[in-house]
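To keep things clear, I will list the structure first and then write my remarks on it.
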Amino acid sequence: MSDFDLIIYDCDGTLTDTETLYAQVTCELLHDNGLSMYTPEKCLESFQGKTWAAIRNKIESDHDIKLCDDIVERYAEQAKIKLEKSLQPVAGALELLQSTSETHEICVGSNGERSNVLASLYQLDFVSFFTEEKIYTKCQVENGKPEPDLFLYAAEKMGHTPERTLVIEDSVPGVHAGVAAGMHVIGFTGSAHDVTVAESRLKEAGAHTIMQELIHIIPWLKSQKTFDKSA
């Protein structure tokens, strides 16, 4: 029996190289609302892993303004357009999915807008590893990350306990959620602009293991006990 029965993958910045694209969309929308002080880099640093509802609340609170009523819908639409033009997988994602799909139960747990998450996974043909029923997003629970609801929901639906679940996450809210759910969390730094800063933040958030390359997770998992799907 393995140390882990289930692996929950974050999507944006872990499987799909979307964080920079989303930061660009966020920056453009904030500029449209008169907030020209935001750059894509600042958006990535400030909002990585947060839902757009949480981003909206923070922006409105920090700047004492009200953003346009349809800004979340506009974000989803514009992000979808960018994904269709420029989306790439994170290096090593395909190899890791191929390997773990043969040895573990796997699913996705994402804070992203469901339409965008599905679009990106379909575009990269990653749905062949999950199917839509195994792609869990924040709209299915009361609270998204950093609360544990999404990961606990995914584990329950997949039929596994939190203590035998591994989470792979690149964001601080995602690490907080995995730790709060009682799961082992790998903090992935390979998508970060500053790997050293990212490692420090993910460790501070409680990540149990840090990996800079997804491909390195394969031998790490093999160093755990042998998994038997039929057990």
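We label chains A, B, ... in the order they appear in the structure tokens, count residues from 1 in each chain, and number ligands from 1 in the order shown.
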
Skipping near chain neighbours, those fewer than 4 positions away, what residues fall within 7 Å of region 4-6 of chain A using only C-alpha atoms, listed as an NGL selection string?
:A and (104-106 or 160 or 164-166)

So which bits of region 50-174 of chain A end up alpha helix (DSSP H) when you DSSP the backbone, as a count of residues only?
66

Each residue of region 107-197 of chain A with at least one atom at most 12 Å from region 54-66 of chain A should appear once, together with its nearest atom pair and the corresponding distance in Å (one decimal); atoms considered: only C-alpha atoms; ordering: chain, then increasing residue number; output as a Markdown table.
```
| residue | atom | partner | partner_atom | distance |
| --- | --- | --- | --- | --- |
| A:Asn111 | CA | A:Ala54 | CA | 10.7 |
| A:Gly112 | CA | A:Ala54 | CA | 11.6 |
| A:Lys138 | CA | A:Ala54 | CA | 12.0 |
| A:Asn143 | CA | A:Ala54 | CA | 10.7 |
| A:Gly144 | CA | A:Ala54 | CA | 9.6 |
| A:Lys145 | CA | A:Ala54 | CA | 10.1 |
| A:Pro146 | CA | A:Ala54 | CA | 10.7 |
| A:Pro173 | CA | A:Ala54 | CA | 11.3 |
```

Okay, now the selection with N, CA and C atoms, as a tab-separated table (two decimals), in the first residue's frame?
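Below you can see out.tsv, which holds the result:
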```tsv
chain	number	residue	atom	x	y	z
A	111	ASN	N	-9.10	26.63	-7.98
A	111	ASN	CA	-9.83	27.84	-7.59
A	111	ASN	C	-10.27	28.65	-8.80
A	112	GLY	N	-9.92	28.22	-10.00
A	112	GLY	CA	-10.22	28.97	-11.21
A	112	GLY	C	-11.69	28.92	-11.58
A	138	LYS	N	-14.02	25.67	-7.56
A	138	LYS	CA	-14.56	26.39	-6.40
A	138	LYS	C	-16.07	26.56	-6.43
A	143	ASN	N	-16.75	27.54	0.08
A	143	ASN	CA	-15.56	28.38	0.19
A	143	ASN	C	-14.42	27.79	-0.63
A	144	GLY	N	-13.82	28.63	-1.48
A	144	GLY	CA	-12.65	28.19	-2.22
A	144	GLY	C	-11.40	28.26	-1.35
A	145	LYS	N	-10.25	28.00	-1.96
A	145	LYS	CA	-8.98	28.13	-1.26
A	145	LYS	C	-8.80	29.59	-0.83
A	146	PRO	N	-8.27	29.85	0.36
A	146	PRO	CA	-7.44	29.00	1.21
A	146	PRO	C	-8.20	28.11	2.20
A	173	PRO	N	-2.46	30.32	-1.15
A	173	PRO	CA	-3.80	29.89	-0.75
A	173	PRO	C	-4.03	28.40	-0.92
```

Which of region 162-193 of chain A fall in strand (DSSP E), as an MDAnalysis selection string:
chainID A and resid 165:169 184:188

Could you dump the residues just selected with all heavy atoms as an mmCIF file, in the first residue's frame?
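This is the output file part21.cif:
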```cif
data_model
loop_
_atom_site.group_PDB
_atom_site.id
_atom_site.type_symbol
_atom_site.label_atom_id
_atom_site.label_comp_id
_atom_site.auth_asym_id
_atom_site.auth_seq_id
_atom_site.Cartn_x
_atom_site.Cartn_y
_atom_site.Cartn_z
ATOM 1 N N THR A 165 -4.073 11.534 1.119
ATOM 2 C CA THR A 165 -4.180 12.354 -0.092
ATOM 3 C C THR A 165 -2.984 13.281 -0.206
ATOM 4 O O THR A 165 -2.571 13.909 0.773
ATOM 5 C CB THR A 165 -5.480 13.181 -0.068
ATOM 6 O OG1 THR A 165 -6.613 12.301 -0.048
ATOM 7 C CG2 THR A 165 -5.572 14.089 -1.291
ATOM 8 N N LEU A 166 -2.432 13.376 -1.409
ATOM 9 C CA LEU A 166 -1.329 14.281 -1.719
ATOM 10 C C LEU A 166 -1.857 15.420 -2.579
ATOM 11 O O LEU A 166 -2.586 15.201 -3.550
ATOM 12 C CB LEU A 166 -0.232 13.533 -2.487
ATOM 13 C CG LEU A 166 0.916 14.371 -3.052
ATOM 14 C CD1 LEU A 166 1.769 14.953 -1.926
ATOM 15 C CD2 LEU A 166 1.776 13.528 -3.995
ATOM 16 N N VAL A 167 -1.497 16.659 -2.226
ATOM 17 C CA VAL A 167 -1.870 17.847 -2.995
ATOM 18 C C VAL A 167 -0.616 18.440 -3.630
ATOM 19 O O VAL A 167 0.421 18.551 -2.973
ATOM 20 C CB VAL A 167 -2.543 18.896 -2.084
ATOM 21 C CG1 VAL A 167 -2.693 20.236 -2.811
ATOM 22 C CG2 VAL A 167 -3.900 18.398 -1.607
ATOM 23 N N ILE A 168 -0.711 18.826 -4.899
ATOM 24 C CA ILE A 168 0.401 19.497 -5.579
ATOM 25 C C ILE A 168 -0.068 20.897 -5.939
ATOM 26 O O ILE A 168 -1.004 21.059 -6.727
ATOM 27 C CB ILE A 168 0.853 18.721 -6.830
ATOM 28 C CG1 ILE A 168 1.249 17.287 -6.442
ATOM 29 C CG2 ILE A 168 2.021 19.446 -7.508
ATOM 30 C CD1 ILE A 168 1.612 16.404 -7.616
ATOM 31 N N GLU A 169 0.578 21.903 -5.352
ATOM 32 C CA GLU A 169 0.104 23.289 -5.401
ATOM 33 C C GLU A 169 1.258 24.267 -5.629
ATOM 34 O O GLU A 169 2.354 24.061 -5.134
ATOM 35 C CB GLU A 169 -0.568 23.660 -4.074
ATOM 36 C CG GLU A 169 -2.060 23.552 -4.066
ATOM 37 C CD GLU A 169 -2.750 24.660 -4.842
ATOM 38 O OE1 GLU A 169 -2.066 25.587 -5.316
ATOM 39 O OE2 GLU A 169 -3.979 24.590 -4.966
ATOM 40 N N HIS A 184 -0.986 15.890 2.745
ATOM 41 C CA HIS A 184 0.424 16.191 2.494
ATOM 42 C C HIS A 184 0.490 17.103 1.275
ATOM 43 O O HIS A 184 -0.125 16.818 0.245
ATOM 44 C CB HIS A 184 1.219 14.916 2.227
ATOM 45 C CG HIS A 184 2.698 15.161 2.139
ATOM 46 N ND1 HIS A 184 3.550 14.944 3.206
ATOM 47 C CD2 HIS A 184 3.478 15.631 1.126
ATOM 48 C CE1 HIS A 184 4.790 15.260 2.843
ATOM 49 N NE2 HIS A 184 4.769 15.677 1.580
ATOM 50 N N VAL A 185 1.224 18.198 1.385
ATOM 51 C CA VAL A 185 1.248 19.199 0.317
ATOM 52 C C VAL A 185 2.653 19.364 -0.251
ATOM 53 O O VAL A 185 3.602 19.635 0.489
ATOM 54 C CB VAL A 185 0.747 20.565 0.823
ATOM 55 C CG1 VAL A 185 0.750 21.588 -0.317
ATOM 56 C CG2 VAL A 185 -0.658 20.438 1.415
ATOM 57 N N ILE A 186 2.762 19.200 -1.564
ATOM 58 C CA ILE A 186 3.978 19.555 -2.283
ATOM 59 C C ILE A 186 3.816 20.983 -2.795
ATOM 60 O O ILE A 186 2.877 21.286 -3.529
ATOM 61 C CB ILE A 186 4.245 18.610 -3.467
ATOM 62 C CG1 ILE A 186 4.635 17.217 -2.969
ATOM 63 C CG2 ILE A 186 5.352 19.170 -4.366
ATOM 64 C CD1 ILE A 186 4.895 16.215 -4.082
ATOM 65 N N GLY A 187 4.727 21.856 -2.403
ATOM 66 C CA GLY A 187 4.749 23.219 -2.914
ATOM 67 C C GLY A 187 5.608 23.262 -4.166
ATOM 68 O O GLY A 187 6.808 23.016 -4.109
ATOM 69 N N PHE A 188 4.991 23.573 -5.309
ATOM 70 C CA PHE A 188 5.690 23.585 -6.595
ATOM 71 C C PHE A 188 6.116 25.007 -6.937
ATOM 72 O O PHE A 188 5.286 25.925 -6.966
ATOM 73 C CB PHE A 188 4.776 23.019 -7.685
ATOM 74 C CG PHE A 188 5.320 23.182 -9.082
ATOM 75 C CD1 PHE A 188 6.524 22.601 -9.442
ATOM 76 C CD2 PHE A 188 4.626 23.923 -10.022
ATOM 77 C CE1 PHE A 188 7.029 22.749 -10.727
ATOM 78 C CE2 PHE A 188 5.122 24.073 -11.305
ATOM 79 C CZ PHE A 188 6.328 23.494 -11.667
#
```

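Rounded to one decimal, CA of Leu221 (chain A) and CA of Tyr136 (chain A) lie 23.1 Å from each other.
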
Report the closest atom pair, with its distance in Å rounded to one decimal, for each residue of region 171-228 of chain A that has an atom no farther than 7 Å from region 39-50 of chain A; count only C-alpha atoms, sort by chain and then rising residue number, and write it as a Markdown table.
```
| residue | atom | partner | partner_atom | distance |
| --- | --- | --- | --- | --- |
| A:Ser171 | CA | A:Gly49 | CA | 5.2 |
| A:Val172 | CA | A:Gly49 | CA | 7.0 |
| A:Pro173 | CA | A:Gly49 | CA | 5.8 |
| A:Gly174 | CA | A:Gly49 | CA | 6.6 |
```

Residue contacts of His216 (chain A) (12 Å, only C-alpha atoms) excluding same-chain residues fewer than 3 positions away, as a compact mmCIF listing (two decimals) with all heavy atoms, in the first residue's frame:
```
# COMPACT_ATOMS: atom_id res chain seq x y z
N ALA A 91 6.15 22.67 -17.80
CA ALA A 91 7.16 21.66 -18.14
C ALA A 91 7.05 20.45 -17.21
O ALA A 91 7.01 20.60 -15.99
CB ALA A 91 8.56 22.26 -18.04
N GLY A 92 6.96 19.28 -17.80
CA GLY A 92 6.90 18.04 -17.02
C GLY A 92 5.51 17.59 -16.65
O GLY A 92 5.33 16.50 -16.12
N ALA A 93 4.49 18.44 -16.92
CA ALA A 93 3.12 18.10 -16.50
C ALA A 93 2.61 16.84 -17.19
O ALA A 93 2.02 15.97 -16.56
CB ALA A 93 2.19 19.27 -16.77
N GLU A 95 4.28 14.34 -18.54
CA GLU A 95 4.99 13.15 -18.06
C GLU A 95 4.52 12.74 -16.66
O GLU A 95 4.35 11.55 -16.37
CB GLU A 95 6.50 13.41 -18.04
CG GLU A 95 7.13 13.59 -19.42
CD GLU A 95 6.99 14.99 -19.97
OE1 GLU A 95 6.31 15.84 -19.34
OE2 GLU A 95 7.58 15.26 -21.04
N LEU A 96 4.30 13.74 -15.80
CA LEU A 96 3.85 13.44 -14.45
C LEU A 96 2.44 12.85 -14.45
O LEU A 96 2.16 11.89 -13.73
CB LEU A 96 3.91 14.70 -13.58
CG LEU A 96 3.47 14.54 -12.12
CD1 LEU A 96 4.34 13.50 -11.40
CD2 LEU A 96 3.54 15.87 -11.39
N SER A 99 2.56 9.25 -15.67
CA SER A 99 3.10 8.36 -14.66
C SER A 99 2.11 8.12 -13.52
O SER A 99 1.83 6.97 -13.15
CB SER A 99 4.41 8.93 -14.10
OG SER A 99 4.92 8.11 -13.07
N ILE A 186 2.76 19.20 -1.56
CA ILE A 186 3.98 19.56 -2.28
C ILE A 186 3.82 20.98 -2.79
O ILE A 186 2.88 21.29 -3.53
CB ILE A 186 4.25 18.61 -3.47
CG1 ILE A 186 4.64 17.22 -2.97
CG2 ILE A 186 5.35 19.17 -4.37
CD1 ILE A 186 4.89 16.22 -4.08
N PHE A 188 4.99 23.57 -5.31
CA PHE A 188 5.69 23.59 -6.60
C PHE A 188 6.12 25.01 -6.94
O PHE A 188 5.29 25.93 -6.97
CB PHE A 188 4.78 23.02 -7.69
CG PHE A 188 5.32 23.18 -9.08
CD1 PHE A 188 6.52 22.60 -9.44
CD2 PHE A 188 4.63 23.92 -10.02
CE1 PHE A 188 7.03 22.75 -10.73
CE2 PHE A 188 5.12 24.07 -11.30
CZ PHE A 188 6.33 23.49 -11.67
N GLY A 190 8.16 25.80 -9.75
CA GLY A 190 8.65 25.90 -11.12
C GLY A 190 8.01 26.96 -11.98
O GLY A 190 8.58 27.37 -12.99
N THR A 209 6.71 19.50 1.43
CA THR A 209 7.78 19.18 0.49
C THR A 209 7.80 20.26 -0.58
O THR A 209 6.74 20.74 -1.00
CB THR A 209 7.52 17.81 -0.18
OG1 THR A 209 7.34 16.81 0.83
CG2 THR A 209 8.67 17.40 -1.09
N ILE A 210 8.99 20.66 -1.03
CA ILE A 210 9.13 21.65 -2.09
C ILE A 210 9.76 21.00 -3.31
O ILE A 210 10.75 20.28 -3.20
CB ILE A 210 10.01 22.84 -1.65
CG1 ILE A 210 9.38 23.56 -0.45
CG2 ILE A 210 10.21 23.83 -2.81
CD1 ILE A 210 8.08 24.28 -0.73
N MET A 211 9.17 21.25 -4.48
CA MET A 211 9.71 20.75 -5.74
C MET A 211 9.78 21.88 -6.75
O MET A 211 8.79 22.62 -6.93
CB MET A 211 8.82 19.63 -6.31
CG MET A 211 8.81 18.36 -5.49
SD MET A 211 10.29 17.38 -5.77
CE MET A 211 9.96 15.98 -4.68
N GLN A 212 10.92 22.00 -7.45
CA GLN A 212 11.06 23.02 -8.47
C GLN A 212 10.71 22.48 -9.86
O GLN A 212 10.38 23.24 -10.76
CB GLN A 212 12.49 23.58 -8.48
CG GLN A 212 12.65 24.80 -9.40
CD GLN A 212 14.02 25.41 -9.29
OE1 GLN A 212 14.76 25.20 -8.33
NE2 GLN A 212 14.38 26.21 -10.28
N GLU A 213 10.78 21.16 -10.03
CA GLU A 213 10.46 20.53 -11.31
C GLU A 213 9.39 19.46 -11.09
O GLU A 213 9.55 18.60 -10.22
CB GLU A 213 11.71 19.88 -11.92
CG GLU A 213 12.86 20.84 -12.17
CD GLU A 213 12.60 21.77 -13.34
OE1 GLU A 213 11.70 21.47 -14.15
OE2 GLU A 213 13.31 22.80 -13.44
N PRO A 219 10.21 10.33 -9.31
CA PRO A 219 11.08 9.51 -8.44
C PRO A 219 10.76 9.68 -6.97
O PRO A 219 10.94 8.74 -6.18
CB PRO A 219 12.49 9.99 -8.78
CG PRO A 219 12.32 11.33 -9.41
CD PRO A 219 11.01 11.28 -10.11
N TRP A 220 10.30 10.87 -6.57
CA TRP A 220 9.93 11.08 -5.18
C TRP A 220 8.79 10.15 -4.78
O TRP A 220 8.82 9.52 -3.73
CB TRP A 220 9.53 12.54 -4.96
CG TRP A 220 9.16 12.87 -3.54
CD1 TRP A 220 10.01 13.21 -2.53
CD2 TRP A 220 7.83 12.89 -2.98
NE1 TRP A 220 9.30 13.45 -1.37
CE2 TRP A 220 7.97 13.26 -1.62
CE3 TRP A 220 6.56 12.65 -3.49
CZ2 TRP A 220 6.87 13.38 -0.77
CZ3 TRP A 220 5.47 12.76 -2.64
CH2 TRP A 220 5.63 13.12 -1.30
N LEU A 221 7.80 10.03 -5.65
CA LEU A 221 6.68 9.12 -5.38
C LEU A 221 7.14 7.66 -5.37
O LEU A 221 6.68 6.86 -4.56
CB LEU A 221 5.57 9.31 -6.43
CG LEU A 221 4.68 10.54 -6.25
CD1 LEU A 221 3.83 10.75 -7.49
CD2 LEU A 221 3.80 10.39 -5.02
N LYS A 222 8.05 7.33 -6.27
CA LYS A 222 8.53 5.95 -6.33
C LYS A 222 9.33 5.59 -5.09
O LYS A 222 9.46 4.41 -4.74
CB LYS A 222 9.38 5.75 -7.59
CG LYS A 222 8.54 5.72 -8.86
CD LYS A 222 9.40 5.52 -10.09
CE LYS A 222 8.53 5.47 -11.35
NZ LYS A 222 9.35 5.33 -12.58
N SER A 223 9.86 6.60 -4.40
CA SER A 223 10.59 6.34 -3.17
C SER A 223 9.65 6.05 -2.00
O SER A 223 10.07 5.55 -0.97
CB SER A 223 11.49 7.53 -2.80
OG SER A 223 10.70 8.64 -2.32
```

What's around region 118-134 of chain A at 10 Å? Count only C-alpha atoms, leave out sequence neighbours fewer than 5 positions away in its own chain, and write the answer as a compact mmCIF listing (two decimals) with all heavy atoms, in the first residue's frame.
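Result written to result-v4.txt:
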```
# COMPACT_ATOMS: atom_id res chain seq x y z
N ILE A 8 -4.27 15.13 -5.71
CA ILE A 8 -5.07 16.25 -6.21
C ILE A 8 -4.12 17.28 -6.81
O ILE A 8 -3.25 17.81 -6.12
CB ILE A 8 -5.91 16.90 -5.10
CG1 ILE A 8 -6.81 15.88 -4.42
CG2 ILE A 8 -6.75 18.05 -5.68
CD1 ILE A 8 -7.65 16.46 -3.28
N CYS A 11 -4.55 23.35 -10.92
CA CYS A 11 -4.48 23.48 -12.37
C CYS A 11 -3.57 24.64 -12.78
O CYS A 11 -2.49 24.43 -13.33
CB CYS A 11 -5.89 23.68 -12.94
SG CYS A 11 -5.94 23.83 -14.74
N ASP A 12 -3.99 25.87 -12.51
CA ASP A 12 -3.28 27.05 -12.99
C ASP A 12 -1.92 27.18 -12.31
O ASP A 12 -1.82 27.27 -11.09
CB ASP A 12 -4.11 28.31 -12.73
CG ASP A 12 -5.45 28.26 -13.42
OD1 ASP A 12 -5.49 27.79 -14.56
OD2 ASP A 12 -6.46 28.67 -12.82
N LEU A 15 -0.35 22.58 -13.58
CA LEU A 15 -0.44 21.78 -14.80
C LEU A 15 -0.39 22.67 -16.04
O LEU A 15 0.24 22.32 -17.04
CB LEU A 15 -1.74 20.97 -14.81
CG LEU A 15 -1.88 19.88 -13.74
CD1 LEU A 15 -3.25 19.23 -13.87
CD2 LEU A 15 -0.78 18.84 -13.87
N THR A 16 -1.09 23.79 -15.98
CA THR A 16 -1.18 24.69 -17.13
C THR A 16 -0.45 25.99 -16.84
O THR A 16 -0.57 26.54 -15.75
CB THR A 16 -2.66 24.98 -17.47
OG1 THR A 16 -3.28 25.62 -16.36
CG2 THR A 16 -3.39 23.69 -17.80
N ASP A 17 0.28 26.48 -17.82
CA ASP A 17 1.08 27.69 -17.64
C ASP A 17 0.19 28.91 -17.87
O ASP A 17 0.33 29.64 -18.86
CB ASP A 17 2.25 27.69 -18.62
CG ASP A 17 3.27 28.77 -18.30
OD1 ASP A 17 3.15 29.39 -17.23
OD2 ASP A 17 4.18 28.97 -19.12
N THR A 18 -0.73 29.13 -16.93
CA THR A 18 -1.76 30.15 -17.09
C THR A 18 -1.59 31.37 -16.19
O THR A 18 -2.22 32.39 -16.43
CB THR A 18 -3.15 29.54 -16.79
OG1 THR A 18 -3.08 28.84 -15.55
CG2 THR A 18 -3.57 28.59 -17.88
N LYS A 80 -10.40 33.38 -21.35
CA LYS A 80 -10.65 32.28 -22.29
C LYS A 80 -10.02 32.59 -23.65
O LYS A 80 -9.43 31.71 -24.29
CB LYS A 80 -12.15 32.04 -22.44
CG LYS A 80 -12.51 30.82 -23.27
CD LYS A 80 -14.01 30.58 -23.23
CE LYS A 80 -14.38 29.29 -23.98
NZ LYS A 80 -14.11 29.39 -25.42
N LEU A 83 -6.27 32.13 -23.38
CA LEU A 83 -5.93 30.71 -23.29
C LEU A 83 -5.92 30.06 -24.68
O LEU A 83 -5.02 29.28 -25.01
CB LEU A 83 -6.92 29.97 -22.39
CG LEU A 83 -6.88 30.27 -20.90
CD1 LEU A 83 -7.97 29.49 -20.17
CD2 LEU A 83 -5.53 29.92 -20.31
N GLU A 84 -6.93 30.38 -25.47
CA GLU A 84 -7.04 29.78 -26.79
C GLU A 84 -5.86 30.15 -27.69
O GLU A 84 -5.46 29.38 -28.55
CB GLU A 84 -8.35 30.21 -27.45
CG GLU A 84 -9.58 29.60 -26.78
CD GLU A 84 -10.88 30.18 -27.29
OE1 GLU A 84 -10.82 31.19 -28.05
OE2 GLU A 84 -11.94 29.63 -26.97
N LEU A 87 -1.93 29.24 -24.64
CA LEU A 87 -1.75 28.29 -23.54
C LEU A 87 -0.69 27.23 -23.82
O LEU A 87 -0.64 26.66 -24.91
CB LEU A 87 -3.07 27.60 -23.21
CG LEU A 87 -3.03 26.61 -22.05
CD1 LEU A 87 -2.69 27.33 -20.75
CD2 LEU A 87 -4.34 25.87 -21.93
N GLN A 88 0.15 26.98 -22.82
CA GLN A 88 1.14 25.91 -22.86
C GLN A 88 1.06 25.12 -21.55
O GLN A 88 0.69 25.66 -20.52
CB GLN A 88 2.55 26.48 -23.03
CG GLN A 88 2.80 27.20 -24.33
CD GLN A 88 2.77 26.27 -25.53
OE1 GLN A 88 3.21 25.13 -25.44
NE2 GLN A 88 2.24 26.76 -26.64
N PRO A 89 1.46 23.84 -21.58
CA PRO A 89 1.53 23.08 -20.32
C PRO A 89 2.76 23.49 -19.52
O PRO A 89 3.75 23.97 -20.09
CB PRO A 89 1.64 21.64 -20.79
CG PRO A 89 2.32 21.73 -22.12
CD PRO A 89 1.82 23.01 -22.74
N ALA A 93 4.49 18.44 -16.92
CA ALA A 93 3.12 18.10 -16.50
C ALA A 93 2.61 16.84 -17.19
O ALA A 93 2.02 15.97 -16.56
CB ALA A 93 2.19 19.27 -16.77
N LEU A 94 2.82 16.74 -18.50
CA LEU A 94 2.33 15.58 -19.24
C LEU A 94 2.98 14.30 -18.73
O LEU A 94 2.29 13.30 -18.48
CB LEU A 94 2.61 15.75 -20.73
CG LEU A 94 2.21 14.57 -21.62
CD1 LEU A 94 0.73 14.28 -21.51
CD2 LEU A 94 2.60 14.84 -23.08
N LEU A 97 1.57 13.41 -15.26
CA LEU A 97 0.21 12.89 -15.35
C LEU A 97 0.20 11.47 -15.90
O LEU A 97 -0.54 10.60 -15.42
CB LEU A 97 -0.66 13.79 -16.23
CG LEU A 97 -1.04 15.14 -15.62
CD1 LEU A 97 -1.78 15.99 -16.64
CD2 LEU A 97 -1.89 14.95 -14.37
N GLN A 98 1.01 11.23 -16.93
CA GLN A 98 1.08 9.88 -17.49
C GLN A 98 1.54 8.88 -16.44
O GLN A 98 0.98 7.78 -16.32
CB GLN A 98 2.03 9.87 -18.68
CG GLN A 98 1.47 10.55 -19.92
CD GLN A 98 2.48 10.67 -21.05
OE1 GLN A 98 3.69 10.75 -20.81
NE2 GLN A 98 1.99 10.69 -22.27
N THR A 100 1.56 9.20 -12.96
CA THR A 100 0.69 9.04 -11.79
C THR A 100 -0.67 8.45 -12.14
O THR A 100 -1.30 7.82 -11.28
CB THR A 100 0.50 10.39 -11.06
OG1 THR A 100 0.02 11.37 -11.98
CG2 THR A 100 1.82 10.86 -10.45
N SER A 101 -1.11 8.62 -13.37
CA SER A 101 -2.40 8.03 -13.76
C SER A 101 -2.32 6.50 -13.78
O SER A 101 -3.34 5.83 -13.69
CB SER A 101 -2.83 8.54 -15.14
OG SER A 101 -1.96 8.09 -16.16
N GLU A 102 -1.11 5.99 -13.86
CA GLU A 102 -0.91 4.53 -13.85
C GLU A 102 -0.73 3.98 -12.44
O GLU A 102 -0.83 2.76 -12.23
CB GLU A 102 0.31 4.17 -14.70
CG GLU A 102 0.15 4.51 -16.17
CD GLU A 102 1.44 4.31 -16.95
OE1 GLU A 102 2.47 3.98 -16.31
OE2 GLU A 102 1.40 4.48 -18.19
N GLU A 105 -4.88 7.19 -7.97
CA GLU A 105 -6.08 7.91 -8.35
C GLU A 105 -5.70 9.39 -8.42
O GLU A 105 -4.99 9.89 -7.53
CB GLU A 105 -7.19 7.71 -7.32
CG GLU A 105 -7.69 6.28 -7.19
CD GLU A 105 -8.50 5.84 -8.39
OE1 GLU A 105 -8.96 6.72 -9.16
OE2 GLU A 105 -8.67 4.62 -8.57
N ILE A 106 -6.12 10.09 -9.46
CA ILE A 106 -5.78 11.51 -9.61
C ILE A 106 -7.00 12.33 -9.97
O ILE A 106 -7.95 11.83 -10.58
CB ILE A 106 -4.66 11.73 -10.66
CG1 ILE A 106 -5.12 11.29 -12.05
CG2 ILE A 106 -3.39 11.00 -10.25
CD1 ILE A 106 -4.11 11.62 -13.15
N CYS A 107 -6.98 13.60 -9.56
CA CYS A 107 -8.05 14.52 -9.91
C CYS A 107 -7.50 15.94 -9.87
O CYS A 107 -6.34 16.16 -9.50
CB CYS A 107 -9.26 14.37 -8.98
SG CYS A 107 -8.96 14.88 -7.27
N VAL A 108 -8.33 16.90 -10.22
CA VAL A 108 -7.96 18.32 -10.20
C VAL A 108 -8.80 19.04 -9.15
O VAL A 108 -10.00 18.77 -9.00
CB VAL A 108 -8.19 18.98 -11.58
CG1 VAL A 108 -8.08 20.50 -11.49
CG2 VAL A 108 -7.20 18.45 -12.59
N GLY A 109 -8.15 19.96 -8.41
CA GLY A 109 -8.87 20.82 -7.46
C GLY A 109 -8.42 22.25 -7.71
O GLY A 109 -7.31 22.62 -7.31
N GLY A 112 -9.92 28.22 -10.00
CA GLY A 112 -10.22 28.97 -11.21
C GLY A 112 -11.69 28.92 -11.58
O GLY A 112 -12.46 28.09 -11.08
N GLU A 113 -12.07 29.84 -12.49
CA GLU A 113 -13.42 29.79 -13.05
C GLU A 113 -13.58 28.47 -13.80
O GLU A 113 -12.73 28.10 -14.62
CB GLU A 113 -13.65 30.97 -13.99
CG GLU A 113 -13.52 32.34 -13.34
CD GLU A 113 -14.54 32.55 -12.23
OE1 GLU A 113 -15.68 32.04 -12.37
OE2 GLU A 113 -14.21 33.21 -11.24
N ALA A 154 -13.22 17.12 -2.93
CA ALA A 154 -12.63 16.28 -3.97
C ALA A 154 -12.26 14.90 -3.41
O ALA A 154 -12.55 13.87 -4.04
CB ALA A 154 -11.39 16.96 -4.54
N LYS A 157 -15.45 12.87 -2.81
CA LYS A 157 -16.04 12.39 -4.07
C LYS A 157 -15.20 11.28 -4.70
O LYS A 157 -15.74 10.37 -5.34
CB LYS A 157 -16.18 13.56 -5.05
CG LYS A 157 -17.28 14.54 -4.69
CD LYS A 157 -18.64 13.89 -4.74
CE LYS A 157 -19.75 14.86 -4.47
NZ LYS A 157 -21.09 14.21 -4.48
N MET A 158 -13.88 11.36 -4.51
CA MET A 158 -12.99 10.33 -5.06
C MET A 158 -12.93 9.09 -4.18
O MET A 158 -12.36 8.07 -4.56
CB MET A 158 -11.60 10.91 -5.25
CG MET A 158 -11.50 12.01 -6.30
SD MET A 158 -11.77 11.43 -7.99
CE MET A 158 -10.30 10.41 -8.25
```

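The interatomic distance for the pair CA of Pro162 (chain A) and CA of Met183 (chain A) works out to 5.2 Å.
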
Enter the distance from CA of Ser36 (chain A) to CA of Ala23 (chain A), in Å, rounded to one decimal.
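Taking CA of Ser36 (chain A) and CA of Ala23 (chain A), their separation equals 13.8 Å.
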
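Among A:Cys68, A:Leu21, A:Ala53, A:Ala76, the residue with the shortest atom-to-atom distance to Gly34 (chain A), counting only C-alpha atoms, is A:Cys68.
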
Which is closer to Asn116 (chain A) than all the others in A:His31, A:Leu67, A:Tyr22, A:Met37, using only C-alpha atoms?
A:Tyr22
